[in-house]
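Colleague: Structure: run.cif, mmCIF, C-alpha atoms and all ligand atoms; chains and numbers go by the auth columns.
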```cif
data_protein
loop_
_atom_site.group_PDB
_atom_site.id
_atom_site.type_symbol
_atom_site.label_atom_id
_atom_site.label_comp_id
_atom_site.label_asym_id
_atom_site.label_seq_id
_atom_site.Cartn_x
_atom_site.Cartn_y
_atom_site.Cartn_z
_atom_site.B_iso_or_equiv
_atom_site.auth_seq_id
_atom_site.auth_asym_id
ATOM 1 C CA MET A 1 14.104 346.987 86.939 0.00 29 A
ATOM 2 C CA SER A 2 12.930 349.512 89.500 0.00 30 A
ATOM 3 C CA ALA A 3 15.175 352.224 90.894 0.00 31 A
ATOM 4 C CA ALA A 4 15.193 350.484 94.257 0.00 32 A
ATOM 5 C CA ALA A 5 16.279 347.204 92.675 0.00 33 A
ATOM 6 C CA TRP A 6 19.122 348.940 90.832 0.00 34 A
ATOM 7 C CA LEU A 7 20.245 350.532 94.085 0.00 35 A
ATOM 8 C CA LEU A 8 20.432 347.089 95.636 0.00 36 A
ATOM 9 C CA ALA A 9 22.122 345.497 92.611 0.00 37 A
ATOM 10 C CA ALA A 10 24.736 348.194 91.976 0.00 38 A
ATOM 11 C CA PRO A 11 27.111 347.233 94.812 0.00 39 A
ATOM 12 C CA ALA A 12 26.936 343.578 93.791 0.00 40 A
ATOM 13 C CA LEU A 13 27.785 344.474 90.190 0.00 41 A
ATOM 14 C CA TRP A 14 30.643 346.729 91.231 0.00 42 A
ATOM 15 C CA ALA A 15 32.255 344.489 93.791 0.00 43 A
ATOM 16 C CA GLY A 16 33.190 340.892 93.266 0.00 44 A
ATOM 17 C CA TYR A 17 33.567 338.538 96.124 0.00 45 A
ATOM 18 C CA THR A 18 36.011 336.116 94.553 0.00 46 A
ATOM 19 C CA TRP A 19 34.163 332.921 95.352 0.00 47 A
ATOM 20 C CA GLY A 20 30.931 334.255 93.973 0.00 48 A
ATOM 21 C CA SER A 21 31.847 336.085 90.819 0.00 49 A
ATOM 22 C CA HIS A 22 34.738 334.557 88.943 0.00 50 A
ATOM 23 C CA ALA A 23 33.727 336.564 85.880 0.00 51 A
ATOM 24 C CA LEU A 24 35.224 339.622 87.572 0.00 52 A
ATOM 25 C CA THR A 25 38.523 337.887 88.201 0.00 53 A
ATOM 26 C CA LEU A 26 39.279 336.661 84.665 0.00 54 A
ATOM 27 C CA GLY A 27 43.005 336.594 84.054 0.00 55 A
ATOM 28 C CA SER A 28 43.705 336.017 87.741 0.00 56 A
ATOM 29 C CA VAL A 29 45.702 333.086 89.017 0.00 57 A
ATOM 30 C CA TRP A 30 44.240 330.377 91.264 0.00 58 A
ATOM 31 C CA ARG A 31 46.844 327.663 90.726 0.00 59 A
ATOM 32 C CA GLY A 32 49.931 326.863 88.677 0.00 60 A
ATOM 33 C CA PRO A 33 50.345 324.233 85.949 0.00 61 A
ATOM 34 C CA ARG A 34 49.489 320.680 86.980 0.00 62 A
ATOM 35 C CA ALA A 35 52.481 319.280 85.090 0.00 63 A
ATOM 36 C CA GLY A 36 55.374 318.499 87.416 0.00 64 A
ATOM 37 C CA ARG A 37 55.198 318.343 91.197 0.00 65 A
ATOM 38 C CA LYS A 38 55.655 321.934 92.221 0.00 66 A
ATOM 39 C CA VAL A 39 53.658 323.856 94.807 0.00 67 A
ATOM 40 C CA THR A 40 54.018 327.370 96.196 0.00 68 A
ATOM 41 C CA LEU A 41 53.743 328.508 99.793 0.00 69 A
ATOM 42 C CA THR A 42 52.461 332.082 100.044 0.00 70 A
ATOM 43 C CA PHE A 43 52.585 334.091 103.265 0.00 71 A
ATOM 44 C CA ASP A 44 50.162 336.999 103.718 0.00 72 A
ATOM 45 C CA ASP A 45 49.916 340.017 106.021 0.00 73 A
ATOM 46 C CA GLY A 46 53.575 340.514 107.010 0.00 74 A
ATOM 47 C CA PRO A 47 56.245 341.543 107.407 0.00 75 A
ATOM 48 C CA ASP A 48 55.835 340.701 111.078 0.00 76 A
ATOM 49 C CA PRO A 49 58.836 341.442 113.333 0.00 77 A
ATOM 50 C CA GLU A 50 58.282 338.310 115.424 0.00 78 A
ATOM 51 C CA HIS A 51 56.965 335.625 113.073 0.00 79 A
ATOM 52 C CA THR A 52 58.439 336.467 109.652 0.00 80 A
ATOM 53 C CA PRO A 53 62.088 335.935 110.734 0.00 81 A
ATOM 54 C CA ARG A 54 61.118 332.530 112.153 0.00 82 A
ATOM 55 C CA VAL A 55 59.362 331.605 108.908 0.00 83 A
ATOM 56 C CA LEU A 56 62.489 332.628 106.980 0.00 84 A
ATOM 57 C CA ASP A 57 64.645 330.449 109.262 0.00 85 A
ATOM 58 C CA ILE A 58 62.356 327.434 108.744 0.00 86 A
ATOM 59 C CA LEU A 59 62.279 327.895 104.958 0.00 87 A
ATOM 60 C CA ALA A 60 66.075 328.228 104.845 0.00 88 A
ATOM 61 C CA ALA A 61 66.539 325.100 106.976 0.00 89 A
ATOM 62 C CA HIS A 62 64.472 323.136 104.421 0.00 90 A
ATOM 63 C CA GLY A 63 65.931 324.778 101.315 0.00 91 A
ATOM 64 C CA ALA A 64 62.452 326.021 100.400 0.00 92 A
ATOM 65 C CA ARG A 65 61.572 329.213 98.562 0.00 93 A
ATOM 66 C CA ALA A 66 58.208 330.953 98.781 0.00 94 A
ATOM 67 C CA THR A 67 56.282 334.160 98.079 0.00 95 A
ATOM 68 C CA PHE A 68 55.428 336.855 100.636 0.00 96 A
ATOM 69 C CA PHE A 69 52.397 339.149 100.119 0.00 97 A
ATOM 70 C CA LEU A 70 53.307 342.203 102.182 0.00 98 A
ATOM 71 C CA ILE A 71 51.240 345.059 103.595 0.00 99 A
ATOM 72 C CA GLY A 72 52.745 348.412 102.557 0.00 100 A
ATOM 73 C CA GLU A 73 52.237 350.143 105.898 0.00 101 A
ATOM 74 C CA ARG A 74 54.185 347.354 107.655 0.00 102 A
ATOM 75 C CA VAL A 75 56.855 347.329 104.940 0.00 103 A
ATOM 76 C CA ALA A 76 57.500 351.013 105.585 0.00 104 A
ATOM 77 C CA ARG A 77 58.427 350.122 109.212 0.00 105 A
ATOM 78 C CA ALA A 78 60.503 347.015 108.436 0.00 106 A
ATOM 79 C CA GLY A 79 62.823 347.730 105.514 0.00 107 A
ATOM 80 C CA ALA A 80 65.634 345.457 106.721 0.00 108 A
ATOM 81 C CA LEU A 81 63.255 342.515 107.080 0.00 109 A
ATOM 82 C CA VAL A 82 61.864 343.086 103.577 0.00 110 A
ATOM 83 C CA ARG A 83 65.393 343.098 102.166 0.00 111 A
ATOM 84 C CA ARG A 84 66.137 339.879 104.047 0.00 112 A
ATOM 85 C CA ILE A 85 63.073 338.201 102.478 0.00 113 A
ATOM 86 C CA ALA A 86 64.161 339.263 98.985 0.00 114 A
ATOM 87 C CA ALA A 87 67.834 338.371 99.573 0.00 115 A
ATOM 88 C CA SER A 88 66.764 334.856 100.638 0.00 116 A
ATOM 89 C CA GLY A 89 65.404 334.209 97.139 0.00 117 A
ATOM 90 C CA HIS A 90 61.704 334.602 97.896 0.00 118 A
ATOM 91 C CA ASP A 91 59.268 336.526 95.706 0.00 119 A
ATOM 92 C CA LEU A 92 57.566 339.671 96.968 0.00 120 A
ATOM 93 C CA GLY A 93 53.897 340.429 96.380 0.00 121 A
ATOM 94 C CA ASN A 94 51.727 343.445 97.162 0.00 122 A
ATOM 95 C CA HIS A 95 48.866 342.977 99.659 0.00 123 A
ATOM 96 C CA THR A 96 47.686 346.652 99.568 0.00 124 A
ATOM 97 C CA TRP A 97 48.775 349.616 101.660 0.00 125 A
ATOM 98 C CA ASN A 98 46.897 348.845 104.878 0.00 126 A
ATOM 99 C CA HIS A 99 44.801 345.732 104.234 0.00 127 A
ATOM 100 C CA ARG A 100 41.563 347.535 103.622 0.00 128 A
ATOM 101 C CA SER A 101 38.946 345.370 101.928 0.00 129 A
ATOM 102 C CA LEU A 102 38.566 346.500 98.320 0.00 130 A
ATOM 103 C CA TRP A 103 34.960 345.371 98.323 0.00 131 A
ATOM 104 C CA LEU A 104 32.953 348.549 97.764 0.00 132 A
ATOM 105 C CA ALA A 105 36.113 350.701 97.751 0.00 133 A
ATOM 106 C CA GLY A 106 35.831 353.348 95.036 0.00 134 A
ATOM 107 C CA PRO A 107 38.237 353.636 92.077 0.00 135 A
ATOM 108 C CA ARG A 108 40.408 356.289 93.736 0.00 136 A
ATOM 109 C CA GLU A 109 40.770 354.378 97.014 0.00 137 A
ATOM 110 C CA THR A 110 41.398 351.146 95.119 0.00 138 A
ATOM 111 C CA ALA A 111 44.225 352.768 93.144 0.00 139 A
ATOM 112 C CA ARG A 112 45.670 354.294 96.324 0.00 140 A
ATOM 113 C CA GLN A 113 45.685 350.957 98.163 0.00 141 A
ATOM 114 C CA VAL A 114 47.420 349.188 95.282 0.00 142 A
ATOM 115 C CA ASN A 115 49.851 351.936 94.268 0.00 143 A
ATOM 116 C CA GLN A 116 50.990 352.872 97.793 0.00 144 A
ATOM 117 C CA GLY A 117 51.596 349.226 98.656 0.00 145 A
ATOM 118 C CA HIS A 118 53.484 348.737 95.392 0.00 146 A
ATOM 119 C CA GLU A 119 55.606 351.830 96.011 0.00 147 A
ATOM 120 C CA ALA A 120 56.444 350.932 99.636 0.00 148 A
ATOM 121 C CA ILE A 121 57.695 347.490 98.597 0.00 149 A
ATOM 122 C CA SER A 122 59.624 348.890 95.625 0.00 150 A
ATOM 123 C CA GLN A 123 61.399 351.390 97.866 0.00 151 A
ATOM 124 C CA ALA A 124 62.213 348.927 100.635 0.00 152 A
ATOM 125 C CA ALA A 125 63.322 346.045 98.405 0.00 153 A
ATOM 126 C CA GLY A 126 64.864 348.013 95.553 0.00 154 A
ATOM 127 C CA ALA A 127 62.652 346.141 93.090 0.00 155 A
ATOM 128 C CA PRO A 128 58.894 346.201 92.521 0.00 156 A
ATOM 129 C CA PRO A 129 56.609 343.412 93.761 0.00 157 A
ATOM 130 C CA ARG A 130 55.787 340.902 91.009 0.00 158 A
ATOM 131 C CA PHE A 131 52.305 339.850 92.153 0.00 159 A
ATOM 132 C CA PHE A 132 49.234 341.211 93.919 0.00 160 A
ATOM 133 C CA ARG A 133 46.762 339.549 96.283 0.00 161 A
ATOM 134 C CA PRO A 134 43.639 341.402 97.496 0.00 162 A
ATOM 135 C CA PRO A 135 42.878 341.234 101.248 0.00 163 A
ATOM 136 C CA TRP A 136 40.297 338.502 101.943 0.00 164 A
ATOM 137 C CA GLY A 137 40.159 337.889 98.187 0.00 165 A
ATOM 138 C CA MET A 138 37.782 340.839 97.786 0.00 166 A
ATOM 139 C CA THR A 139 37.919 342.616 94.439 0.00 167 A
ATOM 140 C CA ASN A 140 36.105 345.301 92.453 0.00 168 A
ATOM 141 C CA LEU A 141 35.932 346.350 88.809 0.00 169 A
ATOM 142 C CA ALA A 142 38.516 349.128 89.218 0.00 170 A
ATOM 143 C CA LEU A 143 41.182 346.807 90.597 0.00 171 A
ATOM 144 C CA PHE A 144 42.119 344.964 87.425 0.00 172 A
ATOM 145 C CA SER A 145 42.972 347.991 85.313 0.00 173 A
ATOM 146 C CA VAL A 146 45.204 349.296 88.123 0.00 174 A
ATOM 147 C CA LEU A 147 46.982 345.923 88.266 0.00 175 A
ATOM 148 C CA ARG A 148 47.381 345.796 84.470 0.00 176 A
ATOM 149 C CA GLY A 149 49.041 349.209 84.635 0.00 177 A
ATOM 150 C CA LEU A 150 51.584 347.901 87.129 0.00 178 A
ATOM 151 C CA GLY A 151 52.048 344.551 85.362 0.00 179 A
ATOM 152 C CA THR A 152 51.264 342.588 88.535 0.00 180 A
ATOM 153 C CA PRO A 153 48.906 339.629 88.116 0.00 181 A
ATOM 154 C CA CYS A 154 46.233 339.045 90.744 0.00 182 A
ATOM 155 C CA VAL A 155 47.002 335.808 92.578 0.00 183 A
ATOM 156 C CA PHE A 156 44.437 334.055 94.763 0.00 184 A
ATOM 157 C CA TRP A 157 45.016 330.584 96.192 0.00 185 A
ATOM 158 C CA THR A 158 44.171 326.922 95.718 0.00 186 A
ATOM 159 C CA VAL A 159 44.308 325.916 99.376 0.00 187 A
ATOM 160 C CA GLN A 160 43.658 327.999 102.474 0.00 188 A
ATOM 161 C CA THR A 161 44.704 326.255 105.669 0.00 189 A
ATOM 162 C CA GLU A 162 43.187 328.870 107.973 0.00 190 A
ATOM 163 C CA GLY A 163 40.381 331.188 106.935 0.00 191 A
ATOM 164 C CA HIS A 164 38.443 333.664 109.034 0.00 192 A
ATOM 165 C CA ARG A 165 38.480 331.269 112.005 0.00 193 A
ATOM 166 C CA PRO A 166 41.542 329.949 113.855 0.00 194 A
ATOM 167 C CA ALA A 167 42.709 326.447 112.881 0.00 195 A
ATOM 168 C CA SER A 168 45.150 324.440 114.995 0.00 196 A
ATOM 169 C CA PRO A 169 48.609 323.699 113.523 0.00 197 A
ATOM 170 C CA GLY A 170 47.652 320.023 113.158 0.00 198 A
ATOM 171 C CA LEU A 171 44.440 320.876 111.316 0.00 199 A
ATOM 172 C CA GLN A 172 46.322 323.241 109.008 0.00 200 A
ATOM 173 C CA VAL A 173 48.767 320.486 107.999 0.00 201 A
ATOM 174 C CA GLU A 174 45.870 318.079 107.468 0.00 202 A
ATOM 175 C CA ARG A 175 43.960 320.583 105.317 0.00 203 A
ATOM 176 C CA ALA A 176 47.073 321.192 103.223 0.00 204 A
ATOM 177 C CA ARG A 177 47.534 317.429 102.746 0.00 205 A
ATOM 178 C CA CYS A 178 43.889 316.763 101.802 0.00 206 A
ATOM 179 C CA ARG A 179 43.486 319.617 99.328 0.00 207 A
ATOM 180 C CA LEU A 180 46.925 319.398 97.767 0.00 208 A
ATOM 181 C CA GLY A 181 47.734 318.769 94.118 0.00 209 A
ATOM 182 C CA PRO A 182 50.400 319.710 91.558 0.00 210 A
ATOM 183 C CA GLY A 183 50.481 323.456 90.969 0.00 211 A
ATOM 184 C CA ALA A 184 48.696 324.228 94.234 0.00 212 A
ATOM 185 C CA ILE A 185 49.129 327.668 95.764 0.00 213 A
ATOM 186 C CA LEU A 186 48.861 327.483 99.562 0.00 214 A
ATOM 187 C CA ASP A 187 47.629 330.560 101.417 0.00 215 A
ATOM 188 C CA LEU A 188 49.312 330.951 104.828 0.00 216 A
ATOM 189 C CA HIS A 189 49.578 333.861 107.276 0.00 217 A
ATOM 190 C CA ASP A 190 52.801 334.877 109.031 0.00 218 A
ATOM 191 C CA ALA A 191 51.123 337.766 110.872 0.00 219 A
ATOM 192 C CA ASP A 192 48.027 338.127 113.001 0.00 220 A
ATOM 193 C CA GLY A 193 44.982 339.036 110.954 0.00 221 A
ATOM 194 C CA VAL A 194 43.126 336.327 112.862 0.00 222 A
ATOM 195 C CA PRO A 195 44.543 336.479 116.439 0.00 223 A
ATOM 196 C CA GLY A 196 47.402 334.014 116.958 0.00 224 A
ATOM 197 C CA ALA A 197 47.718 333.217 113.228 0.00 225 A
ATOM 198 C CA GLY A 198 51.471 333.867 113.133 0.00 226 A
ATOM 199 C CA SER A 199 52.244 331.574 116.080 0.00 227 A
ATOM 200 C CA ARG A 200 50.051 328.764 114.741 0.00 228 A
ATOM 201 C CA LEU A 201 51.706 329.032 111.338 0.00 229 A
ATOM 202 C CA VAL A 202 55.222 328.912 112.760 0.00 230 A
ATOM 203 C CA GLU A 203 54.233 325.779 114.681 0.00 231 A
ATOM 204 C CA ALA A 204 52.593 324.142 111.654 0.00 232 A
ATOM 205 C CA LEU A 205 55.196 325.022 109.044 0.00 233 A
ATOM 206 C CA PRO A 206 57.950 322.430 109.694 0.00 234 A
ATOM 207 C CA ALA A 207 55.420 319.572 109.613 0.00 235 A
ATOM 208 C CA MET A 208 53.730 321.048 106.545 0.00 236 A
ATOM 209 C CA ILE A 209 57.026 321.296 104.655 0.00 237 A
ATOM 210 C CA GLY A 210 57.935 317.770 105.778 0.00 238 A
ATOM 211 C CA MET A 211 54.592 316.460 104.496 0.00 239 A
ATOM 212 C CA LEU A 212 55.037 318.237 101.151 0.00 240 A
ATOM 213 C CA GLY A 213 58.512 316.776 100.760 0.00 241 A
ATOM 214 C CA ALA A 214 57.257 313.279 101.618 0.00 242 A
ATOM 215 C CA GLU A 215 54.554 313.663 98.932 0.00 243 A
ATOM 216 C CA GLY A 216 57.297 314.464 96.412 0.00 244 A
ATOM 217 C CA TYR A 217 56.591 318.169 95.955 0.00 245 A
ATOM 218 C CA SER A 218 59.240 320.804 95.487 0.00 246 A
ATOM 219 C CA LEU A 219 58.534 324.224 97.006 0.00 247 A
ATOM 220 C CA VAL A 220 59.093 327.066 94.593 0.00 248 A
ATOM 221 C CA PRO A 221 58.197 330.770 94.521 0.00 249 A
ATOM 222 C CA LEU A 222 55.347 331.932 92.279 0.00 250 A
ATOM 223 C CA SER A 223 57.752 333.224 89.622 0.00 251 A
ATOM 224 C CA ASP A 224 58.985 329.648 89.222 0.00 252 A
ATOM 225 C CA LEU A 225 55.544 327.986 89.490 0.00 253 A
ATOM 226 C CA LEU A 226 53.711 330.162 86.931 0.00 254 A
HETATM 227 ZN ZN ZN B . 45.542 339.457 104.260 0.00 1 B
#
```
Can the structure from this file be put into structure tokens for me?
Modeller:
Amino acid sequence: MSAAAWLLAAPALWAGYTWGSHALTLGSVWRGPRAGRKVTLTFDDGPDPEHTPRVLDILAAHGARATFFLIGERVARAGALVRRIAASGHDLGNHTWNHRSLWLAGPRETARQVNQGHEAISQAAGAPPRFFRPPWGMTNLALFSVLRGLGTPCVFWTVQTEGHRPASPGLQVERARCRLGPGAILDLHDADGVPGAGSRLVEALPAMIGMLGAEGYSLVPLSDLL
């Protein structure tokens, strides 16, 4: 292999885009056991002062528990909201310090993103987060040893109802219904990464929970599913 070819290949070897290189994500979680009819709703990118309280109200009204993957920088500004999430029986997960893509991040920056997010959640909630999810599902080789050190498994998702492009509330419910199965982990967003994501989610959520109930699924946090 020529020097130029190695230069081109090195970033691809270092970084793993999750859909393309599952070998780098061995030991990670994509879904729970298929036995039983349990699914988990996961909410990324909060806490959001406007949308997260509404999501908590909707979950409480339906007796549903879920898992929230929080961004450390936002956690540091919203301690009371983080404590409310935890006190409502939901699991907390780490979604890095400030949602930087870990793709091509070096070992030091990778560790900083994970550890600062972990620490912010631990301080706000009084207990450490139990899971980790990388922003956009982007990983690198350094990530997994950092996660092993913290004892937080890397959790991706089975179903994403809205990706990089906006999806209407109706389409999100339909995608959830079509791609559903026992043990599914649904990836939802209660804050705006994609503009308007939080509002669309709040609108979609009651119908989504109703559909899941009608299909006979119980909604449990990741610690119960896995
Ligand atoms: Zn995210």
Colleague: Could you give me, as a list in words, the residues within 7 Å of segment 142-150 of chain A, counting all atoms listed in the file and dropping anything in the same chain fewer than 3 positions from it?
Modeller: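 Using all atoms listed in the file, the neighbours found are Ile99, Gly100, Val103, Ala104, Asn122, His123, Thr124, Trp125, Thr138, Ala139, Ala153, Gly154, Ala155, Pro156 and Pro157 of chain A.
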Colleague: Give me the result of the PyMOL selection byres (((not hetatm)) within 10 of (chain B and resi 1)) on this file, residue by residue, as a VMD selection string.
Modeller: chain A and resid 71 to 74 97 to 99 123 to 124 126 to 129 161 to 165 215 to 222
Colleague: I need the residue set behind the PyMOL selection byres (((chain A and resi 57-69) around 7) and not hetatm) for this file; please write it as a PyMOL selection string.
Modeller: chain A and resi 55-56+70-71+94-95+182-186+210-215+244-250+253-254
Colleague: Find, counting all atoms listed in the file, the residue in A:Gly191, A:Pro197, A:Gly209, A:Pro75 that gets nearest to Arg111 of chain A.
Modeller: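 When distances to Arg111 of chain A are compared using all atoms listed in the file, the smallest one comes from A:Pro75.
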Colleague: With the file shown as input, list the residues that the PyMOL selection byres (((chain A and resi 206) around 12) and not hetatm) selects, as a list in words.
Modeller: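 Applying the expression gives Thr186, Val187, Gln188, Thr189, Leu199, Gln200, Val201, Glu202, Arg203, Ala204, Arg205, Arg207, Leu208, Gly209, Ala212, Met236, Met239, Leu240 and Glu243 of chain A.
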Colleague: Could you work out an axis-aligned box for segment 177-190 of chain A, taking every atom the file lists and adding 3 Å on each side, and report centre and edge lengths in Å to one decimal, as AutoDock Vina command-line options?
Modeller:
```
--center_x 47.6 --center_y 337.6 --center_z 96.3 --size_x 14.9 --size_y 29.3 --size_z 29.3
```
Colleague: How far is it from atom CA of Thr167 of chain A to atom CA of Leu130 of chain A, in Å with one decimal?
Modeller: 5.5 Å
Colleague: Just give me the gap between atom CA of Ser116 of chain A and atom CA of Leu87 of chain A in Å, one decimal is fine.
Modeller: 9.3 Å
